[in-house]
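Chemist: Quick one: the structure is below, questions incoming.
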2 protein chains.
Amino acid sequence: MPQFQLDQGLANDCIRLGQFAGAELLLMNNALYPWLILVPHCAHTELYQLEAREQQILLSAINQLSAFIKQHFASEKLNIASIGNIVSQLHIHIVGRQQSDAAWPNTVWSSPQRELYAAAAVRNICAALAQYLGDSFISDHSKH
Amino acid sequence: MPQFQLDQGLANDCIRLGQFAGAELLLMNNALYPWLILVPHCAHTELYQLEAREQQILLSAINQLSAFIKQHFASEKLNIASIGNIVSQLHIHIVGRQQSDAAWPNTVWSSPQRELYAAAAVRNICAALAQYLGDSFISDHSKH
């Protein structure tokens, strides 16, 4: 495919953590929830349009990030979604939820509440991800 | 696993269309959007907890239902999600969206708007699904 370019809306709302499983790995800049976003390097806008092999890689990445969020944040529930009504570039939300969080039991997409991350918190999440995912995660933050 | 029992909340909100790919196939009783729900016959509450084989079957079913909704309803966007904040029984939403629909660009989960289906519309959707999916879909409505 032509060179991948991250959608400007995602770039504005999120912190880029690095690359994982042929996708950009983003952290929504909202410390109210552990909220990862995978943006596969493809030109499709719907999951079912991916080739079987691309789907398998993405599914495996979703599984690993789900397990990471459950373990690292002790999340009580995971919300996994491909929506794309506002940003059409295919992206998958993987969100850890707690019954005590700001939006529960509603979805995070309908909640206007937001709390920006401190830089140290992002570094900690990135370091934990690097430890959990191993070499398959190419962190943007490890060099800092 | 022990005998599968559909969550009462899902049973109340949805119309059971039949069985497909080891899951209940439901239609959200809201004619404002084509909104299918797959409920795998399992005791897990999170996608990543499924065995690899169960995931593959579910992924294939999501792909087929996605393509069906895109084709049959000419949906401009698909929203695919596993949320489960209110109903913990694992269930996957596959929703066709239009820029002209009642909730756009917001998600359907945050919209209170609802319009119940007429019986004939449900029969039509079920017949179209049966034609699209073939024998792998065991319709509850074909006998009527």
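In the structure tokens, each chain is lettered A, B, ... as it comes, each chain's residues begin at 1, and ligands are numbered from 1 in order of appearance.
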As an MDAnalysis selection string, please: all residues of chain B that backbone DSSP puts in strand (DSSP E or B).

Modeler: chainID B and resid 14:20 23:28 35:40 77:82 92:97 137:139

Chemist: Take the residues just selected and output them with N, CA and C atoms as a tab-separated table (two decimals), in the first residue's frame.

Modeler:
```tsv
chain	number	residue	atom	x	y	z
B	14	CYS	N	-34.42	-7.85	22.22
B	14	CYS	CA	-34.14	-8.35	20.86
B	14	CYS	C	-35.18	-9.37	20.41
B	15	ILE	N	-35.15	-9.61	19.10
B	15	ILE	CA	-35.94	-10.66	18.49
B	15	ILE	C	-34.96	-11.77	18.10
B	16	ARG	N	-35.24	-12.96	18.54
B	16	ARG	CA	-34.35	-14.08	18.21
B	16	ARG	C	-34.61	-14.51	16.78
B	17	LEU	N	-33.57	-14.45	15.94
B	17	LEU	CA	-33.74	-14.84	14.54
B	17	LEU	C	-33.44	-16.32	14.33
B	18	GLY	N	-32.49	-16.85	15.09
B	18	GLY	CA	-32.15	-18.26	14.92
B	18	GLY	C	-30.76	-18.54	15.45
B	19	GLN	N	-30.15	-19.60	14.91
B	19	GLN	CA	-28.80	-19.97	15.33
B	19	GLN	C	-27.87	-19.89	14.14
B	20	PHE	N	-26.67	-19.42	14.40
B	20	PHE	CA	-25.67	-19.27	13.34
B	20	PHE	C	-24.28	-19.38	13.95
B	23	ALA	N	-23.84	-19.76	17.70
B	23	ALA	CA	-24.28	-18.59	18.46
B	23	ALA	C	-25.77	-18.35	18.22
B	24	GLU	N	-26.38	-17.66	19.16
B	24	GLU	CA	-27.72	-17.14	18.90
B	24	GLU	C	-27.55	-15.91	18.01
B	25	LEU	N	-28.44	-15.80	17.03
B	25	LEU	CA	-28.43	-14.60	16.20
B	25	LEU	C	-29.69	-13.80	16.52
B	26	LEU	N	-29.47	-12.60	17.05
B	26	LEU	CA	-30.57	-11.74	17.48
B	26	LEU	C	-30.65	-10.51	16.60
B	27	LEU	N	-31.85	-9.95	16.54
B	27	LEU	CA	-32.07	-8.65	15.89
B	27	LEU	C	-32.54	-7.70	16.99
B	28	MET	N	-31.78	-6.62	17.21
B	28	MET	CA	-32.24	-5.63	18.17
B	28	MET	C	-33.59	-5.10	17.70
B	35	TRP	N	-29.38	-3.96	13.07
B	35	TRP	CA	-28.57	-4.15	14.28
B	35	TRP	C	-28.66	-5.61	14.69
B	36	LEU	N	-27.67	-6.38	14.28
B	36	LEU	CA	-27.62	-7.80	14.63
B	36	LEU	C	-26.74	-7.99	15.85
B	37	ILE	N	-27.05	-9.03	16.61
B	37	ILE	CA	-26.25	-9.37	17.78
B	37	ILE	C	-25.98	-10.87	17.77
B	38	LEU	N	-24.71	-11.23	17.90
B	38	LEU	CA	-24.31	-12.63	17.99
B	38	LEU	C	-24.00	-12.95	19.45
B	39	VAL	N	-24.58	-14.02	19.94
B	39	VAL	CA	-24.32	-14.44	21.32
B	39	VAL	C	-23.74	-15.85	21.28
B	40	PRO	N	-22.41	-15.97	21.32
B	40	PRO	CA	-21.80	-17.31	21.25
B	40	PRO	C	-22.24	-18.18	22.43
B	77	LYS	N	-21.58	2.54	6.86
B	77	LYS	CA	-20.55	2.25	7.85
B	77	LYS	C	-21.03	1.10	8.71
B	78	LEU	N	-20.09	0.31	9.18
B	78	LEU	CA	-20.42	-0.74	10.14
B	78	LEU	C	-19.84	-0.38	11.49
B	79	ASN	N	-20.60	-0.66	12.51
B	79	ASN	CA	-20.09	-0.53	13.88
B	79	ASN	C	-20.10	-1.93	14.49
B	80	ILE	N	-18.93	-2.41	14.86
B	80	ILE	CA	-18.77	-3.76	15.41
B	80	ILE	C	-18.26	-3.61	16.83
B	81	ALA	N	-18.91	-4.25	17.80
B	81	ALA	CA	-18.46	-4.03	19.17
B	81	ALA	C	-18.84	-5.15	20.12
B	82	SER	N	-17.95	-5.38	21.05
B	82	SER	CA	-18.23	-6.18	22.23
B	82	SER	C	-18.11	-5.23	23.43
B	92	ILE	N	-21.87	-9.78	20.58
B	92	ILE	CA	-21.19	-8.91	19.62
B	92	ILE	C	-22.24	-8.15	18.82
B	93	HIS	N	-22.12	-6.84	18.82
B	93	HIS	CA	-23.02	-5.99	18.04
B	93	HIS	C	-22.46	-5.82	16.62
B	94	ILE	N	-23.31	-5.96	15.63
B	94	ILE	CA	-22.94	-5.69	14.23
B	94	ILE	C	-24.04	-4.79	13.69
B	95	VAL	N	-23.69	-3.51	13.55
B	95	VAL	CA	-24.71	-2.50	13.28
B	95	VAL	C	-24.40	-1.78	11.97
B	96	GLY	N	-25.37	-1.67	11.11
B	96	GLY	CA	-25.22	-0.89	9.88
B	96	GLY	C	-25.64	0.55	10.14
B	97	ARG	N	-24.80	1.47	9.69
B	97	ARG	CA	-25.08	2.89	9.93
B	97	ARG	C	-25.18	3.68	8.63
B	137	PHE	N	-27.32	-21.12	8.65
B	137	PHE	CA	-28.23	-20.34	9.49
B	137	PHE	C	-29.52	-21.14	9.71
B	138	ILE	N	-29.81	-21.40	10.97
B	138	ILE	CA	-31.02	-22.15	11.31
B	138	ILE	C	-32.05	-21.15	11.83
B	139	SER	N	-32.94	-20.78	10.95
B	139	SER	CA	-33.88	-19.70	11.26
B	139	SER	C	-35.01	-20.18	12.17
```

Chemist: Output chain B as a CSV table (one decimal) with C-alpha atoms, in the first residue's frame, after least-squares fitting it to chain A on all in-order C-alpha pairs.

Modeler:
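The new file part10.csv reads:
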```
chain,number,residue,atom,x,y,z
B,1,MET,CA,0.0,0.0,0.0
B,2,PRO,CA,1.1,3.6,-0.3
B,3,GLN,CA,2.8,5.1,2.7
B,4,PHE,CA,0.6,4.9,5.7
B,5,GLN,CA,-0.5,8.2,7.2
B,6,LEU,CA,-2.3,8.4,10.5
B,7,ASP,CA,-5.6,10.3,10.4
B,8,GLN,CA,-5.3,13.8,11.8
B,9,GLY,CA,-8.2,13.4,14.2
B,10,LEU,CA,-6.6,10.4,15.8
B,11,ALA,CA,-3.2,12.1,15.9
B,12,ASN,CA,-4.8,15.0,17.7
B,13,ASP,CA,-6.8,13.0,20.3
B,14,CYS,CA,-4.2,10.3,21.0
B,15,ILE,CA,-0.6,9.8,22.0
B,16,ARG,CA,1.3,7.5,19.7
B,17,LEU,CA,3.0,4.7,21.7
B,18,GLY,CA,4.7,2.9,18.9
B,19,GLN,CA,4.1,0.1,16.3
B,20,PHE,CA,2.7,-3.3,17.1
B,21,ALA,CA,1.5,-6.1,14.8
B,22,GLY,CA,1.6,-4.0,11.6
B,23,ALA,CA,-0.4,-1.2,13.2
B,24,GLU,CA,0.1,2.0,15.0
B,25,LEU,CA,-0.6,1.6,18.7
B,26,LEU,CA,-2.2,4.7,20.2
B,27,LEU,CA,-3.2,5.7,23.7
B,28,MET,CA,-6.3,7.9,23.9
B,29,ASN,CA,-5.2,11.0,25.7
B,30,ASN,CA,-7.7,10.5,28.5
B,31,ALA,CA,-6.5,9.2,31.8
B,32,LEU,CA,-10.0,8.4,33.0
B,33,TYR,CA,-9.8,5.0,31.2
B,34,PRO,CA,-7.0,2.7,29.9
B,35,TRP,CA,-7.9,3.2,26.2
B,36,LEU,CA,-5.7,1.8,23.5
B,37,ILE,CA,-6.3,2.1,19.8
B,38,LEU,CA,-4.9,0.0,17.0
B,39,VAL,CA,-4.7,1.5,13.6
B,40,PRO,CA,-3.7,-1.2,11.0
B,41,HIS,CA,-1.5,-0.1,8.2
B,42,CYS,CA,-4.1,-0.6,5.5
B,43,ALA,CA,-6.5,1.4,3.4
B,44,HIS,CA,-9.7,-0.4,4.4
B,45,THR,CA,-12.4,1.1,6.5
B,46,GLU,CA,-14.1,-2.0,7.7
B,47,LEU,CA,-12.8,-5.1,9.5
B,48,TYR,CA,-14.5,-7.6,7.2
B,49,GLN,CA,-12.6,-6.1,4.2
B,50,LEU,CA,-9.2,-7.1,5.6
B,51,GLU,CA,-7.6,-10.2,4.1
B,52,ALA,CA,-7.7,-13.3,6.2
B,53,ARG,CA,-4.0,-13.0,7.1
B,54,GLU,CA,-4.4,-9.3,8.1
B,55,GLN,CA,-7.5,-10.2,10.2
B,56,GLN,CA,-5.5,-12.9,12.0
B,57,ILE,CA,-2.7,-10.5,12.9
B,58,LEU,CA,-5.1,-7.9,14.1
B,59,LEU,CA,-7.1,-10.4,16.2
B,60,SER,CA,-3.9,-11.7,17.8
B,61,ALA,CA,-2.9,-8.1,18.6
B,62,ILE,CA,-6.4,-7.4,20.1
B,63,ASN,CA,-6.1,-10.5,22.2
B,64,GLN,CA,-2.7,-9.5,23.6
B,65,LEU,CA,-3.7,-5.9,24.3
B,66,SER,CA,-7.0,-7.2,25.9
B,67,ALA,CA,-5.0,-9.4,28.2
B,68,PHE,CA,-2.5,-6.6,29.0
B,69,ILE,CA,-5.3,-4.2,30.0
B,70,LYS,CA,-7.1,-6.8,32.1
B,71,GLN,CA,-3.8,-7.6,33.9
B,72,HIS,CA,-2.1,-4.3,34.2
B,73,PHE,CA,-5.1,-2.2,35.1
B,74,ALA,CA,-7.2,-4.9,36.7
B,75,SER,CA,-10.1,-3.8,34.5
B,76,GLU,CA,-13.5,-5.3,35.3
B,77,LYS,CA,-14.7,-5.2,31.7
B,78,LEU,CA,-13.3,-4.7,28.3
B,79,ASN,CA,-14.9,-2.8,25.5
B,80,ILE,CA,-13.7,-3.7,22.1
B,81,ALA,CA,-15.0,-1.8,19.0
B,82,SER,CA,-14.6,-0.7,15.5
B,83,ILE,CA,-16.8,2.3,15.0
B,84,GLY,CA,-15.4,4.9,12.6
B,85,ASN,CA,-18.4,7.1,12.2
B,86,ILE,CA,-16.3,10.2,12.7
B,87,VAL,CA,-12.8,9.0,11.7
B,88,SER,CA,-13.1,6.7,8.8
B,89,GLN,CA,-9.6,5.3,8.9
B,90,LEU,CA,-9.9,1.8,10.3
B,91,HIS,CA,-9.1,1.7,14.0
B,92,ILE,CA,-10.0,-0.6,16.9
B,93,HIS,CA,-10.7,0.6,20.4
B,94,ILE,CA,-9.6,-1.6,23.3
B,95,VAL,CA,-10.8,0.0,26.5
B,96,GLY,CA,-10.6,-1.2,30.1
B,97,ARG,CA,-13.6,-0.4,32.2
B,98,GLN,CA,-14.4,-0.2,35.9
B,99,GLN,CA,-17.8,0.1,37.5
B,100,SER,CA,-16.3,3.1,39.3
B,101,ASP,CA,-15.1,4.9,36.2
B,102,ALA,CA,-16.5,8.2,34.9
B,103,ALA,CA,-18.8,6.8,32.2
B,104,TRP,CA,-20.0,3.4,33.6
B,105,PRO,CA,-22.2,1.8,32.5
B,106,ASN,CA,-22.3,3.9,29.4
B,107,THR,CA,-19.7,3.7,26.7
B,108,VAL,CA,-16.7,5.9,26.7
B,109,TRP,CA,-17.6,7.3,23.2
B,110,SER,CA,-20.7,9.0,24.6
B,111,SER,CA,-18.9,10.6,27.6
B,112,PRO,CA,-17.5,14.1,27.2
B,113,GLN,CA,-15.4,13.7,30.3
B,114,ARG,CA,-11.6,13.9,29.8
B,115,GLU,CA,-8.5,14.2,31.8
B,116,LEU,CA,-5.2,14.6,30.0
B,117,TYR,CA,-2.3,12.3,30.8
B,118,ALA,CA,0.8,13.4,32.7
B,119,ALA,CA,4.0,12.5,30.7
B,120,ALA,CA,5.2,10.2,33.4
B,121,ALA,CA,1.9,8.1,33.3
B,122,VAL,CA,2.3,7.6,29.6
B,123,ARG,CA,5.9,6.5,30.0
B,124,ASN,CA,4.8,4.0,32.6
B,125,ILE,CA,2.1,2.6,30.4
B,126,CYS,CA,4.5,2.4,27.5
B,127,ALA,CA,7.2,0.6,29.7
B,128,ALA,CA,4.6,-1.9,30.9
B,129,LEU,CA,3.5,-2.6,27.4
B,130,ALA,CA,7.0,-3.1,26.2
B,131,GLN,CA,7.6,-5.6,29.0
B,132,TYR,CA,4.3,-7.4,28.3
B,133,LEU,CA,4.5,-7.5,24.5
B,134,GLY,CA,8.3,-8.0,24.1
B,135,ASP,CA,10.2,-7.2,20.9
B,136,SER,CA,7.1,-7.2,18.8
B,137,PHE,CA,6.2,-3.8,20.2
B,138,ILE,CA,8.4,-1.0,18.8
B,139,SER,CA,8.0,1.8,21.3
B,140,ASP,CA,8.3,5.4,20.4
B,141,HIS,CA,9.1,6.2,24.0
B,142,SER,CA,11.8,3.7,24.9
B,143,LYS,CA,14.5,6.1,23.6
B,144,HIS,CA,13.4,8.9,25.9
```

Chemist: As a PDB file with C-alpha atoms, in the first residue's frame, please: every residue in segment 2-130 of chain B that a backbone DSSP assignment puts in alpha helix (DSSP H).

Modeler:
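As a result, part.pdb now contains:
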```pdb
ATOM      1  CA  GLN B   8     -32.974 -12.000  30.003  1.00  0.00           C
ATOM      2  CA  GLY B   9     -32.040  -8.437  29.071  1.00  0.00           C
ATOM      3  CA  LEU B  10     -31.034  -9.475  25.568  1.00  0.00           C
ATOM      4  CA  ALA B  11     -34.171 -11.608  25.270  1.00  0.00           C
ATOM      5  CA  ASN B  12     -36.296  -8.596  26.230  1.00  0.00           C
ATOM      6  CA  ASP B  13     -34.641  -6.102  23.877  1.00  0.00           C
ATOM      7  CA  ALA B  52      -8.631 -19.931  19.217  1.00  0.00           C
ATOM      8  CA  ARG B  53     -11.106 -22.167  17.399  1.00  0.00           C
ATOM      9  CA  GLU B  54     -14.106 -20.408  18.963  1.00  0.00           C
ATOM     10  CA  GLN B  55     -12.623 -17.042  17.983  1.00  0.00           C
ATOM     11  CA  GLN B  56     -12.176 -18.165  14.390  1.00  0.00           C
ATOM     12  CA  ILE B  57     -15.779 -19.315  14.112  1.00  0.00           C
ATOM     13  CA  LEU B  58     -16.999 -16.076  15.630  1.00  0.00           C
ATOM     14  CA  LEU B  59     -14.759 -13.942  13.402  1.00  0.00           C
ATOM     15  CA  SER B  60     -16.014 -15.731  10.316  1.00  0.00           C
ATOM     16  CA  ALA B  61     -19.607 -15.178  11.425  1.00  0.00           C
ATOM     17  CA  ILE B  62     -18.929 -11.463  12.049  1.00  0.00           C
ATOM     18  CA  ASN B  63     -17.405 -11.195   8.573  1.00  0.00           C
ATOM     19  CA  GLN B  64     -20.419 -12.803   6.940  1.00  0.00           C
ATOM     20  CA  LEU B  65     -22.944 -10.709   8.864  1.00  0.00           C
ATOM     21  CA  SER B  66     -20.939  -7.555   8.127  1.00  0.00           C
ATOM     22  CA  ALA B  67     -20.997  -8.298   4.407  1.00  0.00           C
ATOM     23  CA  PHE B  68     -24.711  -9.096   4.605  1.00  0.00           C
ATOM     24  CA  ILE B  69     -25.570  -5.811   6.293  1.00  0.00           C
ATOM     25  CA  LYS B  70     -23.414  -3.811   3.880  1.00  0.00           C
ATOM     26  CA  GLN B  71     -25.053  -5.469   0.901  1.00  0.00           C
ATOM     27  CA  HIS B  72     -28.658  -5.847   2.024  1.00  0.00           C
ATOM     28  CA  PHE B  73     -29.072  -2.473   3.721  1.00  0.00           C
ATOM     29  CA  ALA B 119     -43.557  -8.501  12.123  1.00  0.00           C
ATOM     30  CA  ALA B 120     -43.359  -8.418   8.320  1.00  0.00           C
ATOM     31  CA  ALA B 121     -40.067  -6.476   8.397  1.00  0.00           C
ATOM     32  CA  VAL B 122     -38.529  -9.075  10.704  1.00  0.00           C
ATOM     33  CA  ARG B 123     -39.687 -11.894   8.426  1.00  0.00           C
ATOM     34  CA  ASN B 124     -38.121 -10.105   5.463  1.00  0.00           C
ATOM     35  CA  ILE B 125     -34.778  -9.656   7.208  1.00  0.00           C
ATOM     36  CA  CYS B 126     -34.820 -13.259   8.337  1.00  0.00           C
ATOM     37  CA  ALA B 127     -35.591 -14.485   4.815  1.00  0.00           C
ATOM     38  CA  ALA B 128     -32.787 -12.363   3.361  1.00  0.00           C
ATOM     39  CA  LEU B 129     -30.375 -13.710   5.984  1.00  0.00           C
ATOM     40  CA  ALA B 130     -31.418 -17.281   5.218  1.00  0.00           C
TER      41      ALA B 130
END
```
